[in-house]
Amino acid sequence: FKEIVKASPNQRFALNLSWGSGSYSSTVKDLLSEIIKLNVPVFAAAGNSGKSLDLKGFYPASLPLKGLIPVGSFGPTALRSSFSNFGTVVKTWAPGEDILSTIPGPEYERKNGTSMATPFATGVAVLMLTKFPTMSAEFVQQRMQQFEFLNAMELIGGERKCKIKKCNNCREKCKELKNFYKRRRCKLTCSWKNECTNRCKKVKPYKDNPRLLKS
C-alpha cells in the first residue's frame with residue numbers, strides 16, 4: 001500500500017481497517033504511523049464489545065496516532081448500536097446496522113458491526129479529499145470529528161445557494177436532521193456569503209442517549 005501511495009503523488013488515498021483485536025502491536029503502530037506520514041488518513045473499526053475503550057483498548061482503533069480515526073456504529077434511530085464500543089477516542093460515527101455486504105460466493109448478506117460503519121466514514125473522507133485535495137490526514141480527522149456523519153455528507157454535497165432571505169433550503173435540511181436525531185434540538189442561522197448553511201446546536205445524540213449514559 002505504501003508503494004502504491006508513493007507511486008501516485010497526484011492522487012489521494014484513505015485506508016479502511018475493518019478489523020482489530022484487544023492485542024497491542026508495536027509493529028502495526030509503526031506501519032500505520034508511516035502510512036499517515038504519507039498524508040493518508042486511516043479509519044479503524046472501534047470494535048463490537050459494547051464497552052468503553054477508555055477502560056480497555058481495541059487495536060488499532062485505540063492507537064494514539066494523529067490521522068487515525070476510530071469509527072463507532074449507530075443504527076436507524078441514530079442511537080449508538082448496543083454492540084459498538086465507545087469512549088473519548090471514538091468521535092466519528094457511521095451507520096453499522098443491517099448493512100448489505102459481500103460474502104464469499106459471490107453473494108450478499110446483511111451484517112452489523114463497526115466494520116460495516118468504518119467504510120462509510122472512509123468514503124466520506126475520500127469525497128472530502130476529492131473536493132479538497134490539499135487536506136492533511138490530521139485535518140481530515142479534525143473535520144470528521146467535528147461533524148456528525150450526516151453533516152459531513154451535507155458538507156460534501158456542495159454549496160446550497162440562497163435566493164431568498166428565509167433560506168428555505170436550510171430550514172428544510174435542519175428539519176430533516178431534527179426528524180432523524182429524535183432527541184436533537186436544531187438552531188438555524190443563515191450566512192449571506194453567496195451560500196446558505198445550517199448550523200445545528202452541538203448536542204450529540206450519543207451524549208443525550210440514556211442507553212449510552214447508562215453504559
# chains A, B, ... in the order shown; residues from 1 in each chain; ligands from 1

$ residues_around --residues "Asn48 (chain A)" --least-positions-apart "5" --cutoff "8 Å" --atoms "only C-alpha atoms" --output "list of chain:residue names"
A:Phe83, A:Ser84, A:Asn85, A:Gly113, A:Thr114

$ residues_around --residues "region 1-3 of chain A" --least-positions-apart "4" --cutoff "10 Å" --atoms "only C-alpha atoms" --output "PyMOL selection string"
chain A and resi 7-8+13+15+31-32+34-36+38+40

$ atom_distance --atom1 "CA of Thr88 (chain A)" --atom2 "CA of Phe132 (chain A)"
27.6 Å

$ closest_residue --among "A:Asn39, A:Gln142, A:Ser136, A:Thr130" --to "Lys6 (chain A)" --atoms "only C-alpha atoms"
A:Asn39

$ atom_distance --atom1 "CA of Val89 (chain A)" --atom2 "CA of Leu53 (chain A)"
7.3 Å

$ atom_distance --atom1 "CA of Ile103 (chain A)" --atom2 "CA of Ala14 (chain A)"
22.8 Å

$ closest_residue --among "A:Thr92, A:Ser25, A:Ser73, A:Asn16" --to "Arg143 (chain A)" --atoms "only C-alpha atoms"
A:Thr92
